[in-house]
Amino acid sequence: MSEEKSMSEQHEIITGIEAPIYLKYNFTAGAAPTRFLAQLKKGKLTGQCRAEPGAPVYVPPRGSCPATGLPTEQEVEVSDKATVQSFTIVHIPIPGNPIEPPFVVANLVADGANISFIHLMSECDNAEVHIGQRVQAIWKPEDEWDYAMDNIKYFKPIDEPDVPVEQIGKLPVTGLEG
Amino acid sequence: MANLAAVVGIGQTSYTTKRDDVSIAGLVREAAVNALDDAGLTFKDIDAVILGKAPDMFEGVIMPEIYLTDALGCNGKPMLRVHTAGSVGGSTALVAASHVQSGTFKRVLTVAFEKQSESNAMWALSNPQPFSTHLNAGAGGYFAPIIREYIRRSGAPDEVGIKVAVKDRLHGARNPLAHLQLPDITMEEVAESFMLWDPIRYLESCPSSDGACAMVIANEELADKASKRPAWIRGVAMRSEPTMYAGREEVNPQAGRDCAADVYAQAGIKDPRQDLDVAEVYVPFSWYEPMWLENLGFAPKGEGWKLTMEGATSLIDGGDIPWNPSGGVLSSNPIGASGMIRFAEAARQVRNDAGDHQVPGAKLALGHAYGGGAQFYAMWVVGSEKS
C-alpha cells in the first residue's frame with residue numbers, strides 16, 4: 001500500500017454545504033384577481049361580492065365567496081380611505097425590501113369592504129397608531145402604476161374620528177358619513 | 001362506532017437548533033426507532049406508516065415521504081403523507097389513529113418532523129403576490145394583530161404574555177428533550193427581550209428547532225398485550241375554516257370551539273378544566289395560552305388570562321390544570337413535529353411516563369394542535385383507562 005494519505009485523511013470530511021436555490025415564478029392572476037389588478041393599474045381599489053344584496057365585499061377578491069363557494073361576480077369600487085382593524089409594529093427587516101424597521105403593518109378595512117388586507121402605515125407616530133384609527137392611501141405617481149397593490153405606497157392617518165370597534169369592517173363606501 | 005385504539009410506543013429526538021449529525025432521513029429514523037423500542041417492537045411489526053410535515057417549501061424537499069420510505073422501514077407497505085401546515089403533527093396522529101380505529105390496520109407507525117436548520121420557514125411563508133403588499137413577516141407578523149385585539153377585548157395586563165413565556169420555559173427545563181433550557185429565566189428578562197412584532201417579544205416566541213416525533217398506535221387486542229401501559233384514545237376531532245372570510249372571529253375561531261366540543265363529547269368531558277388532568281396545547285407565541293384557554297372552554301370568554309396569572313396552568317406552582325408541562329412549543333418548535341409532540345406528551349402523561357414533568361396521577365389528557373392562519377385544528381383526548 002502507498003504511504004500517501006488518502007484524500008479523506010488529508011481533509012476534513014464535508015458533511016454539508018450551504019447551497020441556496022432561488023426560484024423565479026410567473027404569477028397567473030386568474031379571472032377575479034385580473035379584474036382587481038386591472039382596476040388597480042387605473043388607480044382604483046375594487047372589491048367583489050356575490051351578486052345578491054348585502055353580500056360581503058372582498059378586497060382583494062380571490063374569485064369565490066369563502067362562506068358559500070359561490071363566485072364573486074359583482075364588482076364594487078371601494079374607497080381608498082380605511083380603518084385600522086389591528087396592527088403590529090415590526091422590528092425586523094424584510095429581506096429584499098428596503099423598508100427600515102420599526103415599521104407599522106396594519107390590517108386595514110377599506111370603506112365599502114368587509115374584510116381587511118395588510119398594508120404599510122407611514123407619516124405617523126408609531127406609538128399613536130391604534131385600533132379604529134382612520135387612514136387614507138398615498139399612491140405612487142401615476143406613471144409608476146402597475147398591476148400591483150404596491151401602487152399604494154402606504155396609508156397615512158387622516159383627521160377623522162375613530163370608528164367604534166363594532167363598526168369596523170361594516171362602513172359603507174361613503175365612510176363615516178354613512 | 002370506531003374500534004378502540006391506543007398509543008403503545010412513543011419516540012422523540014431531542015430538540016435543538018441544528019442537528020447537523022443527521023440527514024432528514026436519519027432524524028425521522030431516530031424518532032421511529034425510539035418509538036419502536038419503547039413499544040418493544042421492530043419495523044416488521046408495523047402494517048403502515050403515516051407521515052406528517054409542514055410545507056415542503058421549508059426544506060425544499062418535495063414529497064419527502066417518498067424519499068423517507070426506506071428510512072422508516074416501509075418499503076412495500078402502505079405510506080400516507082398528511083399536510084395541514086403547523087397543525088400537521090396532530091392531524092397526522094389522528095389519521096394514523098383512524099387507520100386503526102377503522103380496523104384497516106392492526107398497528108401503524110406515525111412520524112412527524114421538521115429540520116428548520118435546513119430551511120427558512122419564516123420567509124418560505126412570505127412569498128410575494130401582486131394582489132398584496134409584500135409585508136408579511138412570517139407567523140409572528142400574522143398573529144401579532146390578533147393578539148393585540150385579544151388584549152384590547154380582555155383588558156389583560158402586559159405581564160400575561162411574559163408569565164406564560166417564563167412558565168413554559170421553567171416546564172421545559174424539567175424536560176431533557178426540550179430545545180430551550182432556561183431554568184433561571186425571569187419575568188424581567190422576558191420583559192426586556194427584543195420586541196419582534198409588537199406586542200410579541202423575542203422571548204415570547206417559539207424557537208426554530210430540528211426534531212422528529214413518532215408513535216406506534218395499535219388496536220385493542222394488541223394494546224392489551226403491550227409491554228408498557230397504553231394511552232387509550234378516547235376522542236379524536238379535526239376542524240378547519242377558511243383563513244379569509246368576512247366577519248371571521250380570528251381571536252376565538254369557530255373551528256377551534258367546534259373541534260373542542262366534538263372531542264369533549266366523545267370523551268365524556270363536560271368541564272375541561274375539571275375533568276382533564278393536563279393539556280398539551282399548541283402555544284407558539286405566549287399570548288396564545290390565554291386565548292386558547294378560552295377557545296377550548298377552560299375559562300369563560302375574556303378570562304383565560306386570569307387562569308394564567310393565578311398559576312392554574314403551572315405544574316411548578318401546583319396549578320389544578322397544568323398546560324404544557326413538557327415546555328410546549330415555546331420550548332421546542334420543529335414545526336411539522338410540534339403538533340405530534342403535543343399529542344405524544346399528552347399520551348406520556350396518562351402512561352405515567354413523563355419523567356420530571358409528570359403531572360402526578362394524570363389519567364385524562366388533551367393533545368391540541370393548530371396551524372396555518374389558525375384555520376386548522378386537531379385534538380385528541382387520551383386516557384389511562386379504556387373508558
# chains A, B, ... in the order shown; residues from 1 in each chain; ligands from 1
>>> residues_around(residues="Val166 of chain B", least_positions_apart="4", cutoff="7 Å", atoms="only C-alpha atoms", output="count of residues only")
5
>>> closest_atom_pairs(of="chain A", to="chain B", cutoff="7 Å", atoms="only C-alpha atoms", output="Markdown table")
| residue | atom | partner | partner_atom | distance |
| --- | --- | --- | --- | --- |
| A:Leu37 | CA | B:Phe131 | CA | 6.9 |
| A:Pro56 | CA | B:Ala246 | CA | 6.3 |
| A:Pro60 | CA | B:Phe131 | CA | 6.4 |
| A:Pro66 | CA | B:Tyr245 | CA | 5.6 |
| A:Ala67 | CA | B:Tyr245 | CA | 6.6 |
| A:Ser86 | CA | B:Pro145 | CA | 5.1 |
| A:Phe87 | CA | B:Pro145 | CA | 4.7 |
| A:Thr88 | CA | B:Asp198 | CA | 5.3 |
| A:Ile89 | CA | B:Asp198 | CA | 4.9 |
| A:Val90 | CA | B:Trp197 | CA | 4.6 |
| A:His91 | CA | B:Leu196 | CA | 5.1 |
| A:Ile92 | CA | B:Leu196 | CA | 6.3 |
| A:Ile94 | CA | B:Ala137 | CA | 6.8 |
| A:Asn114 | CA | B:Ala246 | CA | 5.5 |
| A:Ile115 | CA | B:Ala246 | CA | 5.0 |
| A:His119 | CA | B:Thr133 | CA | 6.2 |
| A:Ala148 | CA | B:Pro130 | CA | 4.8 |
| A:Met149 | CA | B:Phe131 | CA | 5.3 |
| A:Asp150 | CA | B:Thr133 | CA | 5.7 |
>>> write_last_selection(atoms="C-alpha atoms", output="compact mmCIF listing (two decimals), in the first residue's frame")
# COMPACT_ATOMS: atom_id res chain seq x y z
CA LEU A 37 -55.34 44.25 -10.75
CA PRO A 56 -69.85 40.74 1.84
CA PRO A 60 -58.58 41.68 -2.68
CA PRO A 66 -65.27 31.76 1.21
CA ALA A 67 -68.52 31.26 3.13
CA SER A 86 -55.50 45.88 14.16
CA PHE A 87 -51.75 46.24 13.54
CA THR A 88 -48.25 45.21 14.53
CA ILE A 89 -45.04 47.20 14.75
CA VAL A 90 -42.38 45.10 13.05
CA HIS A 91 -38.83 45.42 14.37
CA ILE A 92 -37.05 43.07 11.97
CA ILE A 94 -37.90 42.03 5.36
CA ASN A 114 -65.98 43.78 4.68
CA ILE A 115 -62.56 42.22 5.15
CA HIS A 119 -50.58 47.38 4.23
CA ALA A 148 -49.92 45.61 -8.17
CA MET A 149 -51.15 46.56 -4.71
CA ASP A 150 -47.78 48.31 -4.36
>>> closest_residue(among="B:Glu59, B:Ala226, B:Met79, B:Val28", to="Pro20 of chain A", atoms="only C-alpha atoms")
B:Glu59
>>> closest_residue(among="A:Ala31, A:Leu40, A:Val104, A:Ala51", to="Ala127 of chain A", atoms="only C-alpha atoms")
A:Val104
>>> residues_around(residues="segment 159-175 of chain A", least_positions_apart="2", cutoff="6 Å", atoms="only C-alpha atoms", output="list in words")
Val78, Ser79, Val109, Asp111, Gly112, Asn114, Gly132, Gln133, Glu177 and Gly178 of chain A
>>> write_last_selection(atoms="C-alpha atoms", output="PDB file, in the first residue's frame")
ATOM      1  CA  VAL A  78     -64.351  50.807  -2.626  1.00  0.00           C
ATOM      2  CA  SER A  79     -62.771  53.891  -1.060  1.00  0.00           C
ATOM      3  CA  VAL A 109     -60.603  47.615   6.033  1.00  0.00           C
ATOM      4  CA  ASP A 111     -64.689  51.829   3.347  1.00  0.00           C
ATOM      5  CA  GLY A 112     -67.164  49.702   1.397  1.00  0.00           C
ATOM      6  CA  ASN A 114     -65.984  43.782   4.679  1.00  0.00           C
ATOM      7  CA  GLY A 132     -60.291  52.205  14.961  1.00  0.00           C
ATOM      8  CA  GLN A 133     -57.958  54.881  13.541  1.00  0.00           C
ATOM      9  CA  GLU A 177     -70.789  59.957   6.919  1.00  0.00           C
ATOM     10  CA  GLY A 178     -72.818  56.821   6.203  1.00  0.00           C
TER      11      GLY A 178
END
>>> residues_around(residues="segment 354-356 of chain B", least_positions_apart="2", cutoff="8 Å", atoms="only C-alpha atoms", output="list in words")
Arg174, Asn175, Glu345, Arg348, Gln349, Arg351, Asn352, Gln358 and Val359 of chain B
>>> select_by_dssp(residues="segment 86-125 of chain B", states="alpha helix (DSSP H)", output="number ranges by chain")
B: 88-101, 121-124
>>> write_last_selection(atoms="C-alpha atoms", output="JSON list (two decimals), in the first residue's frame")
[["chain", "number", "residue", "atom", "x", "y", "z"],
["B", 88, "VAL", "CA", -49.91, 18.65, 10.83],
["B", 89, "GLY", "CA", -48.30, 16.70, 13.66],
["B", 90, "GLY", "CA", -51.69, 16.47, 15.35],
["B", 91, "SER", "CA", -53.62, 15.71, 12.15],
["B", 92, "THR", "CA", -51.07, 13.02, 11.28],
["B", 93, "ALA", "CA", -51.62, 11.28, 14.61],
["B", 94, "LEU", "CA", -55.38, 11.45, 14.01],
["B", 95, "VAL", "CA", -55.09, 9.99, 10.51],
["B", 96, "ALA", "CA", -52.88, 7.23, 11.94],
["B", 97, "ALA", "CA", -55.41, 6.57, 14.71],
["B", 98, "SER", "CA", -58.26, 6.43, 12.17],
["B", 99, "HIS", "CA", -56.44, 3.70, 10.22],
["B", 100, "VAL", "CA", -56.50, 1.54, 13.36],
["B", 101, "GLN", "CA", -59.92, 2.61, 14.68],
["B", 121, "ALA", "CA", -39.65, 28.72, 7.42],
["B", 122, "MET", "CA", -40.36, 32.36, 8.15],
["B", 123, "TRP", "CA", -39.60, 33.54, 4.62],
["B", 124, "ALA", "CA", -40.93, 30.39, 2.94]]
>>> residues_around(residues="Ala337 of chain B", least_positions_apart="2", cutoff="9 Å", atoms="only C-alpha atoms", output="tab-separated table (two decimals) with C-alpha atoms, in the first residue's frame")
chain	number	residue	atom	x	y	z
B	52	GLY	CA	-46.56	14.39	8.51
B	53	LYS	CA	-44.61	17.58	7.98
B	54	ALA	CA	-45.31	21.24	7.35
B	86	GLY	CA	-48.46	23.78	11.61
B	87	SER	CA	-51.20	21.52	12.94
B	88	VAL	CA	-49.91	18.65	10.83
B	89	GLY	CA	-48.30	16.70	13.66
B	90	GLY	CA	-51.69	16.47	15.35
B	111	VAL	CA	-43.94	10.13	12.39
B	112	ALA	CA	-43.73	13.91	12.04
B	113	PHE	CA	-40.66	16.08	11.62
B	114	GLU	CA	-39.10	19.39	10.68
B	211	GLY	CA	-36.54	17.30	15.55
B	212	ALA	CA	-38.94	14.43	15.00
B	213	CYS	CA	-41.58	12.63	16.99
B	214	ALA	CA	-43.08	9.19	16.43
B	333	ASN	CA	-40.57	24.01	17.71
B	334	PRO	CA	-39.74	21.57	14.93
B	335	ILE	CA	-42.87	22.88	13.16
B	339	GLY	CA	-48.40	19.06	16.96
B	340	MET	CA	-47.43	15.40	17.30
B	341	ILE	CA	-45.23	16.26	20.29
B	342	ARG	CA	-48.34	17.73	21.98
>>> select_by_dssp(residues="segment 143-243 of chain B", states="strand (DSSP E or B)", output="list in words")
Met195, Leu196, Trp197, Asp198, Ile200, Arg201, Ser205, Asp210, Gly211, Ala212, Cys213, Ala214, Met215, Val216, Ile217, Ala218, Asn219, Ala231, Trp232, Ile233, Arg234, Gly235, Val236, Ala237, Met238, Arg239 and Ser240 of chain B
>>> atom_distance(atom1="atom CA of Val129 of chain A", atom2="atom CA of Leu176 of chain A")
18.8 Å
>>> atom_distance(atom1="atom CA of Gly63 of chain A", atom2="atom CA of Ala110 of chain A")
18.5 Å
>>> closest_residue(among="B:His171, B:Trp287, B:Ala6, B:Ser240", to="Ile316 of chain B", atoms="only C-alpha atoms")
B:His171
>>> residues_around(residues="Ala267 of chain B", least_positions_apart="3", cutoff="10 Å", atoms="only C-alpha atoms", output="ChimeraX atom specification")
/B:233-236,262-264,270,275,364,380-383,387
>>> closest_residue(among="A:Gln10, A:Thr28, A:Asn107, A:Thr46", to="Val84 of chain A", atoms="only C-alpha atoms")
A:Asn107
>>> closest_residue(among="B:Pro55, B:Gly256, B:Pro284, B:Gly361", to="Gly297 of chain B", atoms="only C-alpha atoms")
B:Gly256
